[in-house]
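> Here it is, the structure in full.
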Amino acid sequence: MITDVKPTIEIARSAGWCFGVERIVQMAEKLLNETPDGPVYCLGELIHNPQEVARLRAKGMVFVKSHDELPPLKPGEKRKVLIRAHGVAPAVKRALQEKGYEIYDGTCPLVTIPQRFARELAEQGYRVVIMGHIEHPEIQGILGYLDGLNAHVDVIAGPEEVEKLQLKASDRVGLISQTTHPYEKFAQLIGRVLEHCLEVRAYNTICQATFDRQEAIRELAQRCDLVIVVGGRNSSNTCRLAEIASQYTTCYHIEDASELKGEWLAGKEHIGISAGASTPTRCLEEVQTAIARLTGARENSRHTSG
Ligand code: SF4
């Protein structure tokens, strides 16, 4: 034991797997079970969690970065490919169809909302501004929905980049957000764009699971002297949770219990735990158990997750 203090451990009231992640993992399991002779392909990492990707890889799922890596099929041959939760551009789906693959679309239904609104805004002549990370697969997929429209589109990280847009008063601006970005920043972005332009149409495309997890960690972090956030370092929504917690208290972002350091816990009285929407429940529970073991705290000494 590394401390005399027995802390309270509290799990955020909203943490861990969301319905979109649960849905695609169930799809992956079903495809693997139905295809014992394999292979089942997945286009990109189905979710941003290295442990879950490794688990499915061990069960036979083959991950490819691009549709170009999928082998051509022999006449009569059938192969299955799963589309990641972050979605892909329509052109990618067409390429898969042309190759003859059976497509299983794991795109989260909530990701289809910004895809649809981006296209609708562009068709109506709006200058489309997307808050998100340009290299994120969800944003790449959304941009693909604007193909062929000759749209004026910009992707910015947040309100701090509005000046880069060089907006004019006459610009008609349509705003959407990556589903996993903070609501607070999106609200600020709308305000900043309105300072420049007369006409702004904004769609709140931040998903409810993201919003709930962000609000829960904000509330939790304010009464903790340490918060541990569990999830992939490549997971956008997990990184946002760590950013929010860091505004209020000491926070560490780890991928699993093996990364936990005893020195972080020494003398802490109230330790909060949260996990990104792509983090399996078992990873969160392993961290909780490890903290309890290192500090002597009772597990579930205070547990408000839901
Ligand atoms: S975080 Fe939201 S948008 Fe992303 S998979 Fe989960 S429910 Fe869908």
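Chain labels run A, B, ... following the order of the structure tokens; each chain numbers its residues from 1, and ligands are numbered from 1 in the order shown.
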For range 28-66 of chain A versus range 275-290 of chain A, which residues have an atom no more than 12 Å away, and what is each residue's nearest atom pair and distance in Å rounded to one decimal, using only C-alpha atoms, chain-then-number order, as a tab-separated table?

```
residue	atom	partner	partner_atom	distance
A:Glu45	CA	A:Ser278	CA	11.3
A:Leu46	CA	A:Ser278	CA	9.8
A:Ile47	CA	A:Ser278	CA	6.2
A:His48	CA	A:Ser278	CA	6.2
A:Asn49	CA	A:Ser278	CA	6.0
A:Pro50	CA	A:Thr279	CA	9.3
A:Gln51	CA	A:Pro280	CA	8.5
A:Glu52	CA	A:Pro280	CA	7.3
A:Val53	CA	A:Ser278	CA	10.6
A:Arg55	CA	A:Pro280	CA	11.0
```
> Taking only C-alpha atoms and all ligand atoms into account, which residues are within 9 Å of ligand 1, as an MDAnalysis selection string?
chainID A and resid 17:24 47 85:86 107:112 178:180 205:211 237 276:278
> Please produce an output containing N, CA, C and O atoms for each residue in the selection, written as a tab-separated table (two decimals), in the first residue's frame.

```
chain	number	residue	atom	x	y	z
A	17	TRP	N	-18.50	2.84	-22.40
A	17	TRP	CA	-19.13	2.55	-23.69
A	17	TRP	C	-20.45	3.25	-23.93
A	17	TRP	O	-21.34	3.23	-23.07
A	18	CYS	N	-20.57	3.81	-25.13
A	18	CYS	CA	-21.83	4.42	-25.56
A	18	CYS	C	-22.55	3.42	-26.45
A	18	CYS	O	-21.99	2.39	-26.82
A	19	PHE	N	-23.76	3.78	-26.87
A	19	PHE	CA	-24.54	2.80	-27.63
A	19	PHE	C	-23.93	2.55	-29.02
A	19	PHE	O	-23.98	1.44	-29.54
A	20	GLY	N	-23.30	3.59	-29.61
A	20	GLY	CA	-22.72	3.42	-30.95
A	20	GLY	C	-21.56	2.44	-30.93
A	20	GLY	O	-21.37	1.65	-31.86
A	21	VAL	N	-20.79	2.46	-29.84
A	21	VAL	CA	-19.64	1.56	-29.71
A	21	VAL	C	-20.13	0.14	-29.40
A	21	VAL	O	-19.68	-0.84	-30.00
A	22	GLU	N	-21.10	0.07	-28.50
A	22	GLU	CA	-21.65	-1.25	-28.16
A	22	GLU	C	-22.23	-1.91	-29.41
A	22	GLU	O	-22.04	-3.10	-29.66
A	23	ARG	N	-22.90	-1.10	-30.21
A	23	ARG	CA	-23.56	-1.60	-31.43
A	23	ARG	C	-22.52	-2.19	-32.39
A	23	ARG	O	-22.68	-3.29	-32.89
A	24	ILE	N	-21.42	-1.46	-32.64
A	24	ILE	CA	-20.47	-1.95	-33.64
A	24	ILE	C	-19.67	-3.14	-33.10
A	24	ILE	O	-19.33	-4.06	-33.85
A	47	ILE	N	-13.23	1.16	-33.50
A	47	ILE	CA	-13.37	2.21	-32.49
A	47	ILE	C	-11.95	2.59	-32.08
A	47	ILE	O	-11.01	1.84	-32.34
A	85	ALA	N	-17.17	2.79	-36.80
A	85	ALA	CA	-18.21	3.62	-36.18
A	85	ALA	C	-18.12	5.08	-36.61
A	85	ALA	O	-19.12	5.80	-36.59
A	86	HIS	N	-16.92	5.52	-37.04
A	86	HIS	CA	-16.74	6.93	-37.41
A	86	HIS	C	-17.26	7.24	-38.81
A	86	HIS	O	-17.29	8.39	-39.21
A	107	THR	N	-21.35	2.44	-39.04
A	107	THR	CA	-21.35	3.88	-38.75
A	107	THR	C	-22.37	4.17	-37.65
A	107	THR	O	-23.54	3.77	-37.76
A	108	CYS	N	-21.95	4.86	-36.61
A	108	CYS	CA	-22.90	5.20	-35.54
A	108	CYS	C	-24.01	6.06	-36.14
A	108	CYS	O	-23.73	7.03	-36.86
A	109	PRO	N	-25.27	5.75	-35.84
A	109	PRO	CA	-26.37	6.56	-36.40
A	109	PRO	C	-26.22	8.05	-36.08
A	109	PRO	O	-26.67	8.89	-36.85
A	110	LEU	N	-25.55	8.37	-34.98
A	110	LEU	CA	-25.40	9.79	-34.63
A	110	LEU	C	-24.33	10.48	-35.48
A	110	LEU	O	-24.31	11.70	-35.59
A	111	VAL	N	-23.43	9.69	-36.07
A	111	VAL	CA	-22.43	10.27	-36.97
A	111	VAL	C	-23.06	10.60	-38.32
A	111	VAL	O	-22.60	11.50	-39.04
A	112	THR	N	-24.15	9.91	-38.65
A	112	THR	CA	-24.80	10.21	-39.93
A	112	THR	C	-25.48	11.59	-39.90
A	112	THR	O	-25.78	12.15	-40.94
A	178	GLN	N	-17.86	18.04	-34.95
A	178	GLN	CA	-17.55	16.61	-34.76
A	178	GLN	C	-18.37	16.15	-33.56
A	178	GLN	O	-18.53	16.91	-32.58
A	179	THR	N	-18.88	14.94	-33.59
A	179	THR	CA	-19.81	14.49	-32.54
A	179	THR	C	-19.20	14.48	-31.15
A	179	THR	O	-19.93	14.54	-30.16
A	180	THR	N	-17.87	14.39	-31.07
A	180	THR	CA	-17.24	14.20	-29.76
A	180	THR	C	-16.57	15.46	-29.22
A	180	THR	O	-15.80	15.38	-28.27
A	205	THR	N	-24.50	19.03	-33.48
A	205	THR	CA	-24.29	17.64	-33.87
A	205	THR	C	-23.42	16.89	-32.86
A	205	THR	O	-22.90	15.81	-33.16
A	206	ILE	N	-23.27	17.48	-31.67
A	206	ILE	CA	-22.52	16.79	-30.61
A	206	ILE	C	-23.44	15.74	-30.01
A	206	ILE	O	-24.60	16.03	-29.68
A	207	CYS	N	-22.96	14.51	-29.89
A	207	CYS	CA	-23.88	13.44	-29.49
A	207	CYS	C	-24.15	13.50	-27.99
A	207	CYS	O	-23.33	14.00	-27.21
A	208	GLN	N	-25.30	12.97	-27.61
A	208	GLN	CA	-25.74	13.04	-26.21
A	208	GLN	C	-24.77	12.29	-25.28
A	208	GLN	O	-24.48	12.75	-24.18
A	209	ALA	N	-24.25	11.15	-25.76
A	209	ALA	CA	-23.34	10.36	-24.91
A	209	ALA	C	-22.10	11.19	-24.59
A	209	ALA	O	-21.61	11.19	-23.45
A	210	THR	N	-21.59	11.91	-25.58
A	210	THR	CA	-20.43	12.78	-25.37
A	210	THR	C	-20.77	13.87	-24.38
A	210	THR	O	-20.03	14.13	-23.42
A	211	PHE	N	-21.91	14.52	-24.61
A	211	PHE	CA	-22.33	15.63	-23.73
A	211	PHE	C	-22.46	15.13	-22.28
A	211	PHE	O	-21.95	15.75	-21.35
A	237	ASN	N	-12.86	11.56	-27.92
A	237	ASN	CA	-13.75	11.89	-26.80
A	237	ASN	C	-13.07	11.65	-25.46
A	237	ASN	O	-13.32	12.36	-24.49
A	276	GLY	N	-13.66	7.02	-21.61
A	276	GLY	CA	-14.22	7.49	-22.87
A	276	GLY	C	-15.29	6.55	-23.39
A	276	GLY	O	-15.44	5.41	-22.92
A	277	ALA	N	-16.03	7.04	-24.38
A	277	ALA	CA	-17.15	6.27	-24.93
A	277	ALA	C	-16.69	5.00	-25.64
A	277	ALA	O	-17.49	4.11	-25.93
A	278	SER	N	-15.39	4.90	-25.94
A	278	SER	CA	-14.89	3.70	-26.62
A	278	SER	C	-14.12	2.78	-25.67
A	278	SER	O	-13.47	1.83	-26.11
```
> Determine which residues of range 182-302 of chain A receive a DSSP assignment of alpha helix (DSSP H), computed from the backbone, and state them as a PyMOL selection string.
chain A and resi 183-194+208-221+236-246+262-265+281-295
> Between CA of Gly44 in chain A and CA of Pro75 in chain A, what is the distance in Å, rounded to a tenth?
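CA of Pro75 in chain A lies 25.6 Å from CA of Gly44 in chain A.
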> Tell me, as a list in words, which residues lie within 8 Å of range 127-131 of chain A, counting only C-alpha atoms; anything in the same chain fewer than 2 positions away does not count.
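So, after excluding close chain neighbours, the residues are Ala118, Leu121, Ala122, Gly125, His133, Ala151, His152, Val153, Asp154, Val155, Ile156, Ala157, Gly158, Asp171, Arg172, Val173, Gly174, Leu175, Ile176, Ser177, Gln178, His181 and Phe186 of chain A.
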> Between A:Lys268, A:His67, A:Arg213, A:Lys261, which one has atoms that come closest to Ala242 in chain A, using only C-alpha atoms?
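Looking at the shortest contact to Ala242 in chain A, the residue is A:Arg213.
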> For Ile11 in chain A, which residue among A:Ile228, A:Cys197, A:Arg233, A:Gln247 is the nearest when counting only C-alpha atoms?
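Distance minimum relative to Ile11 in chain A lands on A:Ile228.
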> Skip Val193 in chain A itself and residues of its chain fewer than 2 positions away, then list as number ranges by chain all residues within 9 Å of it, counting only C-alpha atoms.
A: 159, 162, 167, 173, 188-191, 195-197, 200
> Return the single residue from A:Arg79, A:Arg223, A:Arg116, A:Lys65 that is closest to Val40 in chain A, with distances computed using only C-alpha atoms.
A:Arg79
> Which residues come within 10 Å of range 291-298 of chain A, counting only C-alpha atoms, excluding same-chain residues fewer than 4 positions away, as a PyMOL selection string?
chain A and resi 1-9+228+257+260-263+265-269+271+273+285-287+302
> Write the residues you've just listed into a file as an mmCIF file, in the first residue's frame, and include N, CA and C atoms for each of them.

```
data_model
loop_
_atom_site.group_PDB
_atom_site.id
_atom_site.type_symbol
_atom_site.label_atom_id
_atom_site.label_comp_id
_atom_site.auth_asym_id
_atom_site.auth_seq_id
_atom_site.Cartn_x
_atom_site.Cartn_y
_atom_site.Cartn_z
ATOM 1 N N MET A 1 0.843 -1.190 0.000
ATOM 2 C CA MET A 1 0.000 0.000 0.000
ATOM 3 C C MET A 1 0.887 1.252 0.000
ATOM 4 N N ILE A 2 0.527 2.259 -0.814
ATOM 5 C CA ILE A 2 1.417 3.400 -0.970
ATOM 6 C C ILE A 2 0.969 4.624 -0.167
ATOM 7 N N THR A 3 -0.085 4.499 0.625
ATOM 8 C CA THR A 3 -0.583 5.677 1.323
ATOM 9 C C THR A 3 -1.335 5.288 2.586
ATOM 10 N N ASP A 4 -1.277 6.171 3.615
ATOM 11 C CA ASP A 4 -2.054 5.925 4.835
ATOM 12 C C ASP A 4 -3.499 6.355 4.641
ATOM 13 N N VAL A 5 -3.694 7.276 3.682
ATOM 14 C CA VAL A 5 -5.040 7.813 3.460
ATOM 15 C C VAL A 5 -5.846 6.795 2.662
ATOM 16 N N LYS A 6 -7.032 6.475 3.148
ATOM 17 C CA LYS A 6 -7.909 5.589 2.365
ATOM 18 C C LYS A 6 -8.897 6.474 1.613
ATOM 19 N N PRO A 7 -8.663 6.658 0.323
ATOM 20 C CA PRO A 7 -9.498 7.623 -0.405
ATOM 21 C C PRO A 7 -10.882 7.072 -0.741
ATOM 22 N N THR A 8 -11.755 7.995 -1.049
ATOM 23 C CA THR A 8 -13.034 7.629 -1.665
ATOM 24 C C THR A 8 -12.771 7.498 -3.160
ATOM 25 N N ILE A 9 -13.289 6.432 -3.742
ATOM 26 C CA ILE A 9 -13.164 6.282 -5.201
ATOM 27 C C ILE A 9 -14.558 6.492 -5.784
ATOM 28 N N ILE A 228 -8.660 10.076 -12.800
ATOM 29 C CA ILE A 228 -8.011 9.197 -13.774
ATOM 30 C C ILE A 228 -9.003 8.978 -14.916
ATOM 31 N N ALA A 257 -4.960 -0.281 -16.727
ATOM 32 C CA ALA A 257 -4.500 -0.270 -15.332
ATOM 33 C C ALA A 257 -2.984 -0.399 -15.210
ATOM 34 N N LEU A 260 -1.032 2.811 -14.438
ATOM 35 C CA LEU A 260 -1.279 3.549 -13.195
ATOM 36 C C LEU A 260 0.005 3.618 -12.362
ATOM 37 N N LYS A 261 0.304 4.785 -11.783
ATOM 38 C CA LYS A 261 1.513 4.915 -10.954
ATOM 39 C C LYS A 261 1.098 5.198 -9.511
ATOM 40 N N GLY A 262 1.679 4.424 -8.589
ATOM 41 C CA GLY A 262 1.339 4.561 -7.178
ATOM 42 C C GLY A 262 1.563 5.968 -6.658
ATOM 43 N N GLU A 263 2.630 6.626 -7.133
ATOM 44 C CA GLU A 263 2.955 7.966 -6.604
ATOM 45 C C GLU A 263 1.845 8.988 -6.897
ATOM 46 N N LEU A 265 -1.212 8.505 -6.485
ATOM 47 C CA LEU A 265 -2.334 8.287 -5.569
ATOM 48 C C LEU A 265 -2.026 8.697 -4.131
ATOM 49 N N ALA A 266 -0.724 8.815 -3.817
ATOM 50 C CA ALA A 266 -0.318 9.059 -2.432
ATOM 51 C C ALA A 266 -0.969 10.329 -1.881
ATOM 52 N N GLY A 267 -1.608 10.204 -0.733
ATOM 53 C CA GLY A 267 -2.191 11.355 -0.039
ATOM 54 C C GLY A 267 -3.505 11.851 -0.629
ATOM 55 N N LYS A 268 -4.002 11.234 -1.676
ATOM 56 C CA LYS A 268 -5.255 11.710 -2.287
ATOM 57 C C LYS A 268 -6.452 11.209 -1.477
ATOM 58 N N GLU A 269 -7.434 12.073 -1.337
ATOM 59 C CA GLU A 269 -8.592 11.719 -0.508
ATOM 60 C C GLU A 269 -9.825 11.349 -1.317
ATOM 61 N N ILE A 271 -10.699 10.231 -5.231
ATOM 62 C CA ILE A 271 -10.188 9.918 -6.574
ATOM 63 C C ILE A 271 -11.367 9.613 -7.500
ATOM 64 N N ILE A 273 -12.874 8.543 -11.315
ATOM 65 C CA ILE A 273 -12.497 7.770 -12.510
ATOM 66 C C ILE A 273 -13.564 7.996 -13.573
ATOM 67 N N GLU A 285 -13.125 -0.999 -14.815
ATOM 68 C CA GLU A 285 -13.190 -1.755 -13.554
ATOM 69 C C GLU A 285 -11.801 -2.201 -13.100
ATOM 70 N N GLU A 286 -10.938 -2.525 -14.060
ATOM 71 C CA GLU A 286 -9.573 -2.935 -13.685
ATOM 72 C C GLU A 286 -8.823 -1.775 -13.027
ATOM 73 N N VAL A 287 -9.063 -0.566 -13.535
ATOM 74 C CA VAL A 287 -8.409 0.611 -12.945
ATOM 75 C C VAL A 287 -8.952 0.846 -11.536
ATOM 76 N N ARG A 302 -17.760 4.641 -3.401
ATOM 77 C CA ARG A 302 -18.826 5.550 -3.813
ATOM 78 C C ARG A 302 -18.945 5.416 -5.316
#
```
> Tell me, in Å to one decimal, how far CA of Glu10 in chain A is from CA of Glu215 in chain A.
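A separation of 15.0 Å between them.
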> Between A:Tyr126, A:Leu220, A:Glu243, A:Val227, which one has atoms that come closest to Arg201 in chain A, using only C-alpha atoms?
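Result for the nearest residue to Arg201 in chain A: A:Tyr126.
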> For Ile254 in chain A, list every protein, DNA or RNA residue within 7 Å, evaluated using only C-alpha atoms, and leave out those in the same chain fewer than 2 positions away; present the list as a ChimeraX atom specification.
/A:229-231,252,256,259
> Okay, now the selection with all heavy atoms, as a short mmCIF file (atom, residue, chain, number, x, y, z; two decimals), in the first residue's frame?

```cif
data_model
loop_
_atom_site.label_atom_id
_atom_site.label_comp_id
_atom_site.auth_asym_id
_atom_site.auth_seq_id
_atom_site.Cartn_x
_atom_site.Cartn_y
_atom_site.Cartn_z
N VAL A 229 -8.56 9.27 -16.14
CA VAL A 229 -9.41 9.05 -17.32
C VAL A 229 -8.83 7.86 -18.08
O VAL A 229 -7.63 7.82 -18.37
CB VAL A 229 -9.44 10.31 -18.22
CG1 VAL A 229 -10.18 10.02 -19.52
CG2 VAL A 229 -10.11 11.46 -17.48
N VAL A 230 -9.69 6.90 -18.38
CA VAL A 230 -9.23 5.65 -19.02
C VAL A 230 -9.73 5.60 -20.46
O VAL A 230 -10.93 5.80 -20.71
CB VAL A 230 -9.78 4.41 -18.26
CG1 VAL A 230 -9.06 3.15 -18.73
CG2 VAL A 230 -9.68 4.58 -16.76
N GLY A 231 -8.82 5.32 -21.38
CA GLY A 231 -9.24 5.18 -22.78
C GLY A 231 -8.08 5.39 -23.74
O GLY A 231 -7.00 5.83 -23.33
N TYR A 252 -4.82 12.36 -14.90
CA TYR A 252 -3.95 11.53 -15.74
C TYR A 252 -4.83 10.72 -16.70
O TYR A 252 -5.87 10.20 -16.29
CB TYR A 252 -3.10 10.57 -14.89
CG TYR A 252 -2.13 11.30 -13.99
CD1 TYR A 252 -2.42 11.48 -12.64
CD2 TYR A 252 -0.94 11.83 -14.50
CE1 TYR A 252 -1.53 12.16 -11.81
CE2 TYR A 252 -0.06 12.51 -13.67
CZ TYR A 252 -0.36 12.68 -12.34
OH TYR A 252 0.51 13.36 -11.53
N ASP A 256 -4.80 1.75 -19.78
CA ASP A 256 -5.27 0.63 -18.95
C ASP A 256 -4.58 0.65 -17.60
O ASP A 256 -3.69 1.49 -17.35
CB ASP A 256 -5.08 -0.73 -19.66
CG ASP A 256 -3.63 -1.01 -19.99
OD1 ASP A 256 -2.75 -0.57 -19.22
OD2 ASP A 256 -3.37 -1.67 -21.00
N GLU A 259 -0.78 1.20 -16.57
CA GLU A 259 -0.10 2.50 -16.65
C GLU A 259 -0.25 3.33 -15.37
O GLU A 259 0.32 4.42 -15.26
CB GLU A 259 -0.66 3.31 -17.83
CG GLU A 259 -0.36 2.69 -19.19
CD GLU A 259 -0.92 3.50 -20.34
OE1 GLU A 259 -1.41 4.63 -20.13
OE2 GLU A 259 -0.88 3.00 -21.47
#
```
> Counting only C-alpha atoms, what is within 9 Å of Lys99 in chain A, bar same-chain residues fewer than 2 positions away, as a list in words?
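Listing them by chain and then by number gives Leu70, Pro71, Pro72, Leu73, Arg94, Ala95, Leu96, Gln97 and Tyr101 of chain A.
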> Per DSSP on the backbone, filter range 16-252 of chain A down to the residues in strand (DSSP E or B) and report them as a PyMOL selection string.
chain A and resi 40-43+61-64+80-83+102-105+127-131+153-156+172-177+199-202+226-230+251-252
> Enter the distance from CA of Ala54 in chain A to CA of Leu241 in chain A, in Å, rounded to one decimal.
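Distance reported for this atom pair: 23.3 Å.
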> For Pro36 in chain A, which residue among A:Lys59, A:Lys93, A:Arg218, A:His136 is the nearest when counting only C-alpha atoms?
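Between A:Lys59, A:Lys93, A:Arg218, A:His136, the residue approaching Pro36 in chain A most closely is A:Lys59.
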> Could you check the closest approach to Tyr41 in chain A for each of A:Leu82, A:Ala58, A:Leu226, A:Ala15 and tell me which residue wins, using only C-alpha atoms?
A:Leu82
